[in-house]
Amino acid sequence: MTIEIHRAVERVGILKYPNVVGYSNKLMPRIRRGVVIPEEQCVRIYVSKKLPESKLKPSEIIPK
């Protein structure tokens, strides 16, 4: 699974986005508005400072 996640992250180019400092190596429970949703698995993207979408340029928004 780790190799597939790494390939997907590289394909999207996640590390080129401003503030991105890393990502999870395995699927993790989604966190939405501070609530953990265990039934939804995702790759977590870690940023140095979380900003609202309204403060970002369209080219800086990480794909959902």
# chains A, B, ... in the order shown; residues from 1 in each chain; ligands from 1
$ residues_around --residues "A:Glu39" --least-positions-apart "2" --cutoff "12 Å" --atoms "only C-alpha atoms" --output "number ranges by chain"
A: 27-31, 35-37, 41-42
$ residues_around --residues "A:Pro18" --least-positions-apart "6" --cutoff "10 Å" --atoms "only C-alpha atoms" --output "MDAnalysis selection string"
chainID A and resid 47:49 56 59:62
$ select_by_dssp --residues "chain A" --states "alpha helix (DSSP H)" --output "count of residues only"
11
$ residues_around --residues "stretch 13-17 of chain A" --least-positions-apart "3" --cutoff "12 Å" --atoms "only C-alpha atoms" --output "PyMOL selection string"
chain A and resi 5-10+20-24+43-48+56-64
$ write_last_selection --atoms "N, CA and C atoms" --output "mmCIF file, in the first residue's frame"
data_model
loop_
_atom_site.group_PDB
_atom_site.id
_atom_site.type_symbol
_atom_site.label_atom_id
_atom_site.label_comp_id
_atom_site.auth_asym_id
_atom_site.auth_seq_id
_atom_site.Cartn_x
_atom_site.Cartn_y
_atom_site.Cartn_z
ATOM 1 N N ILE A 5 0.574 4.609 -2.477
ATOM 2 C CA ILE A 5 0.339 5.956 -1.952
ATOM 3 C C ILE A 5 1.441 6.887 -2.428
ATOM 4 N N HIS A 6 2.680 6.436 -2.335
ATOM 5 C CA HIS A 6 3.810 7.264 -2.773
ATOM 6 C C HIS A 6 3.676 7.624 -4.254
ATOM 7 N N ARG A 7 3.322 6.665 -5.083
ATOM 8 C CA ARG A 7 3.161 6.923 -6.525
ATOM 9 C C ARG A 7 2.026 7.916 -6.784
ATOM 10 N N ALA A 8 0.907 7.744 -6.082
ATOM 11 C CA ALA A 8 -0.229 8.661 -6.270
ATOM 12 C C ALA A 8 0.140 10.074 -5.841
ATOM 13 N N VAL A 9 0.843 10.204 -4.729
ATOM 14 C CA VAL A 9 1.254 11.518 -4.235
ATOM 15 C C VAL A 9 2.224 12.168 -5.225
ATOM 16 N N GLU A 10 3.146 11.398 -5.756
ATOM 17 C CA GLU A 10 4.081 11.944 -6.747
ATOM 18 C C GLU A 10 3.360 12.343 -8.028
ATOM 19 N N VAL A 20 3.112 22.549 2.232
ATOM 20 C CA VAL A 20 3.085 21.090 2.397
ATOM 21 C C VAL A 20 4.446 20.631 2.893
ATOM 22 N N VAL A 21 4.427 19.886 4.003
ATOM 23 C CA VAL A 21 5.669 19.392 4.577
ATOM 24 C C VAL A 21 5.749 17.870 4.571
ATOM 25 N N GLY A 22 4.642 17.186 4.237
ATOM 26 C CA GLY A 22 4.672 15.731 4.189
ATOM 27 C C GLY A 22 3.289 15.143 4.012
ATOM 28 N N TYR A 23 3.245 13.803 4.067
ATOM 29 C CA TYR A 23 1.984 13.078 3.926
ATOM 30 C C TYR A 23 2.096 11.749 4.645
ATOM 31 N N SER A 24 0.942 11.140 4.938
ATOM 32 C CA SER A 24 0.936 9.853 5.632
ATOM 33 C C SER A 24 1.342 8.740 4.673
ATOM 34 N N VAL A 43 -5.371 9.660 2.570
ATOM 35 C CA VAL A 43 -3.968 10.012 2.783
ATOM 36 C C VAL A 43 -3.986 11.400 3.396
ATOM 37 N N ARG A 44 -3.404 11.545 4.547
ATOM 38 C CA ARG A 44 -3.363 12.862 5.188
ATOM 39 C C ARG A 44 -2.189 13.665 4.634
ATOM 40 N N ILE A 45 -2.470 14.910 4.342
ATOM 41 C CA ILE A 45 -1.437 15.828 3.858
ATOM 42 C C ILE A 45 -1.119 16.775 5.010
ATOM 43 N N TYR A 46 0.147 16.873 5.368
ATOM 44 C CA TYR A 46 0.566 17.709 6.485
ATOM 45 C C TYR A 46 1.120 19.035 5.956
ATOM 46 N N VAL A 47 0.674 20.120 6.560
ATOM 47 C CA VAL A 47 1.099 21.458 6.153
ATOM 48 C C VAL A 47 1.695 22.201 7.338
ATOM 49 N N SER A 48 2.557 23.175 7.049
ATOM 50 C CA SER A 48 3.171 23.949 8.128
ATOM 51 C C SER A 48 2.162 24.903 8.763
ATOM 52 N N LEU A 56 -6.046 31.236 -0.395
ATOM 53 C CA LEU A 56 -5.126 30.609 -1.323
ATOM 54 C C LEU A 56 -5.487 30.936 -2.767
ATOM 55 N N LYS A 57 -4.465 30.927 -3.615
ATOM 56 C CA LYS A 57 -4.702 31.034 -5.055
ATOM 57 C C LYS A 57 -5.241 29.690 -5.525
ATOM 58 N N PRO A 58 -5.998 29.661 -6.617
ATOM 59 C CA PRO A 58 -6.506 28.367 -7.116
ATOM 60 C C PRO A 58 -5.397 27.341 -7.347
ATOM 61 N N SER A 59 -4.239 27.778 -7.781
ATOM 62 C CA SER A 59 -3.122 26.863 -8.037
ATOM 63 C C SER A 59 -2.492 26.318 -6.751
ATOM 64 N N GLU A 60 -2.848 26.888 -5.597
ATOM 65 C CA GLU A 60 -2.279 26.460 -4.322
ATOM 66 C C GLU A 60 -3.199 25.515 -3.554
ATOM 67 N N ILE A 61 -4.405 25.267 -4.069
ATOM 68 C CA ILE A 61 -5.374 24.417 -3.374
ATOM 69 C C ILE A 61 -5.070 22.958 -3.687
ATOM 70 N N ILE A 62 -4.883 22.166 -2.644
ATOM 71 C CA ILE A 62 -4.583 20.744 -2.799
ATOM 72 C C ILE A 62 -5.839 20.018 -3.272
ATOM 73 N N PRO A 63 -5.714 19.155 -4.303
ATOM 74 C CA PRO A 63 -6.893 18.423 -4.776
ATOM 75 C C PRO A 63 -7.517 17.588 -3.673
ATOM 76 N N LYS A 64 -8.824 17.509 -3.665
ATOM 77 C CA LYS A 64 -9.524 16.706 -2.653
ATOM 78 C C LYS A 64 -9.459 15.240 -2.990
#
$ select_by_dssp --residues "chain A" --states "strand (DSSP E or B)" --output "PyMOL selection string"
chain A and resi 20-23+28-32+35-42+45-47
$ closest_residue --among "A:Leu51, A:Glu40, A:Arg33, A:Lys26" --to "A:Thr2" --atoms "only C-alpha atoms"
A:Lys26
$ decode --residues "stretch 12-42 of chain A" --atoms "N, CA, C and O atoms" --output "compact mmCIF listing (two decimals), in the first residue's frame"
# COMPACT_ATOMS: atom_id res chain seq x y z
N VAL A 12 0.31 13.43 -8.43
CA VAL A 12 -0.42 14.68 -8.22
C VAL A 12 0.55 15.82 -7.93
O VAL A 12 0.23 16.98 -8.16
N GLY A 13 1.74 15.51 -7.44
CA GLY A 13 2.73 16.54 -7.14
C GLY A 13 2.43 17.28 -5.85
O GLY A 13 2.64 18.49 -5.76
N ILE A 14 1.97 16.57 -4.84
CA ILE A 14 1.56 17.18 -3.57
C ILE A 14 2.68 18.01 -2.94
O ILE A 14 2.43 19.07 -2.40
N LEU A 15 3.90 17.53 -3.02
CA LEU A 15 4.98 18.22 -2.31
C LEU A 15 5.36 19.56 -2.93
O LEU A 15 6.11 20.33 -2.34
N LYS A 16 4.83 19.88 -4.12
CA LYS A 16 5.12 21.17 -4.74
C LYS A 16 4.25 22.30 -4.20
O LYS A 16 4.53 23.46 -4.43
N TYR A 17 3.18 21.96 -3.50
CA TYR A 17 2.26 22.97 -2.98
C TYR A 17 2.88 23.72 -1.81
O TYR A 17 3.61 23.13 -1.00
N PRO A 18 2.60 25.05 -1.70
CA PRO A 18 3.14 25.82 -0.58
C PRO A 18 2.63 25.26 0.75
O PRO A 18 1.51 24.76 0.82
N ASN A 19 3.43 25.30 1.75
CA ASN A 19 3.12 24.86 3.12
C ASN A 19 3.10 23.35 3.30
O ASN A 19 3.05 22.88 4.42
N VAL A 20 3.11 22.55 2.23
CA VAL A 20 3.08 21.09 2.40
C VAL A 20 4.45 20.63 2.89
O VAL A 20 5.48 20.93 2.30
N VAL A 21 4.43 19.89 4.00
CA VAL A 21 5.67 19.39 4.58
C VAL A 21 5.75 17.87 4.57
O VAL A 21 6.79 17.31 4.86
N GLY A 22 4.64 17.19 4.24
CA GLY A 22 4.67 15.73 4.19
C GLY A 22 3.29 15.14 4.01
O GLY A 22 2.30 15.86 3.86
N TYR A 23 3.24 13.80 4.07
CA TYR A 23 1.98 13.08 3.93
C TYR A 23 2.10 11.75 4.65
O TYR A 23 3.20 11.27 4.93
N SER A 24 0.94 11.14 4.94
CA SER A 24 0.94 9.85 5.63
C SER A 24 1.34 8.74 4.67
O SER A 24 1.01 8.77 3.49
N ASN A 25 2.07 7.77 5.17
CA ASN A 25 2.52 6.64 4.36
C ASN A 25 1.49 5.53 4.27
O ASN A 25 1.71 4.55 3.58
N LYS A 26 0.40 5.67 4.99
CA LYS A 26 -0.67 4.67 4.95
C LYS A 26 -2.00 5.40 5.04
O LYS A 26 -2.05 6.59 5.40
N LEU A 27 -3.07 4.71 4.71
CA LEU A 27 -4.39 5.31 4.81
C LEU A 27 -4.73 5.53 6.28
O LEU A 27 -4.47 4.68 7.13
N MET A 28 -5.29 6.69 6.55
CA MET A 28 -5.63 7.10 7.91
C MET A 28 -7.09 7.52 7.94
O MET A 28 -7.65 7.90 6.92
N PRO A 29 -7.72 7.49 9.13
CA PRO A 29 -9.09 8.00 9.22
C PRO A 29 -9.14 9.48 8.87
O PRO A 29 -8.25 10.25 9.23
N ARG A 30 -10.17 9.87 8.13
CA ARG A 30 -10.35 11.28 7.74
C ARG A 30 -10.71 12.11 8.98
O ARG A 30 -11.38 11.63 9.88
N ILE A 31 -10.24 13.34 9.01
CA ILE A 31 -10.61 14.30 10.05
C ILE A 31 -11.32 15.44 9.35
O ILE A 31 -10.76 16.07 8.45
N ARG A 32 -12.55 15.68 9.73
CA ARG A 32 -13.35 16.75 9.12
C ARG A 32 -13.87 17.65 10.23
O ARG A 32 -14.58 17.18 11.12
N ARG A 33 -13.49 18.93 10.18
CA ARG A 33 -13.90 19.92 11.19
C ARG A 33 -13.56 19.44 12.61
O ARG A 33 -14.34 19.59 13.54
N GLY A 34 -12.39 18.83 12.75
CA GLY A 34 -11.92 18.39 14.05
C GLY A 34 -12.49 17.08 14.54
O GLY A 34 -12.18 16.65 15.65
N VAL A 35 -13.31 16.40 13.73
CA VAL A 35 -13.93 15.14 14.12
C VAL A 35 -13.32 14.01 13.29
O VAL A 35 -13.29 14.08 12.06
N VAL A 36 -12.85 12.96 13.97
CA VAL A 36 -12.29 11.79 13.28
C VAL A 36 -13.44 10.95 12.73
O VAL A 36 -14.38 10.63 13.46
N ILE A 37 -13.35 10.59 11.45
CA ILE A 37 -14.37 9.77 10.80
C ILE A 37 -13.69 8.45 10.42
O ILE A 37 -13.11 8.33 9.34
N PRO A 38 -13.75 7.45 11.31
CA PRO A 38 -12.98 6.22 11.10
C PRO A 38 -13.38 5.42 9.85
O PRO A 38 -12.55 4.73 9.27
N GLU A 39 -14.62 5.55 9.42
CA GLU A 39 -15.05 4.77 8.25
C GLU A 39 -14.58 5.37 6.92
O GLU A 39 -14.68 4.73 5.88
N GLU A 40 -14.05 6.58 6.93
CA GLU A 40 -13.51 7.21 5.72
C GLU A 40 -11.99 7.23 5.82
O GLU A 40 -11.42 7.88 6.69
N GLN A 41 -11.33 6.52 4.93
CA GLN A 41 -9.88 6.44 4.92
C GLN A 41 -9.32 7.38 3.86
O GLN A 41 -9.91 7.55 2.79
N CYS A 42 -8.18 7.99 4.16
CA CYS A 42 -7.56 8.93 3.22
C CYS A 42 -6.07 9.02 3.48
O CYS A 42 -5.57 8.52 4.49
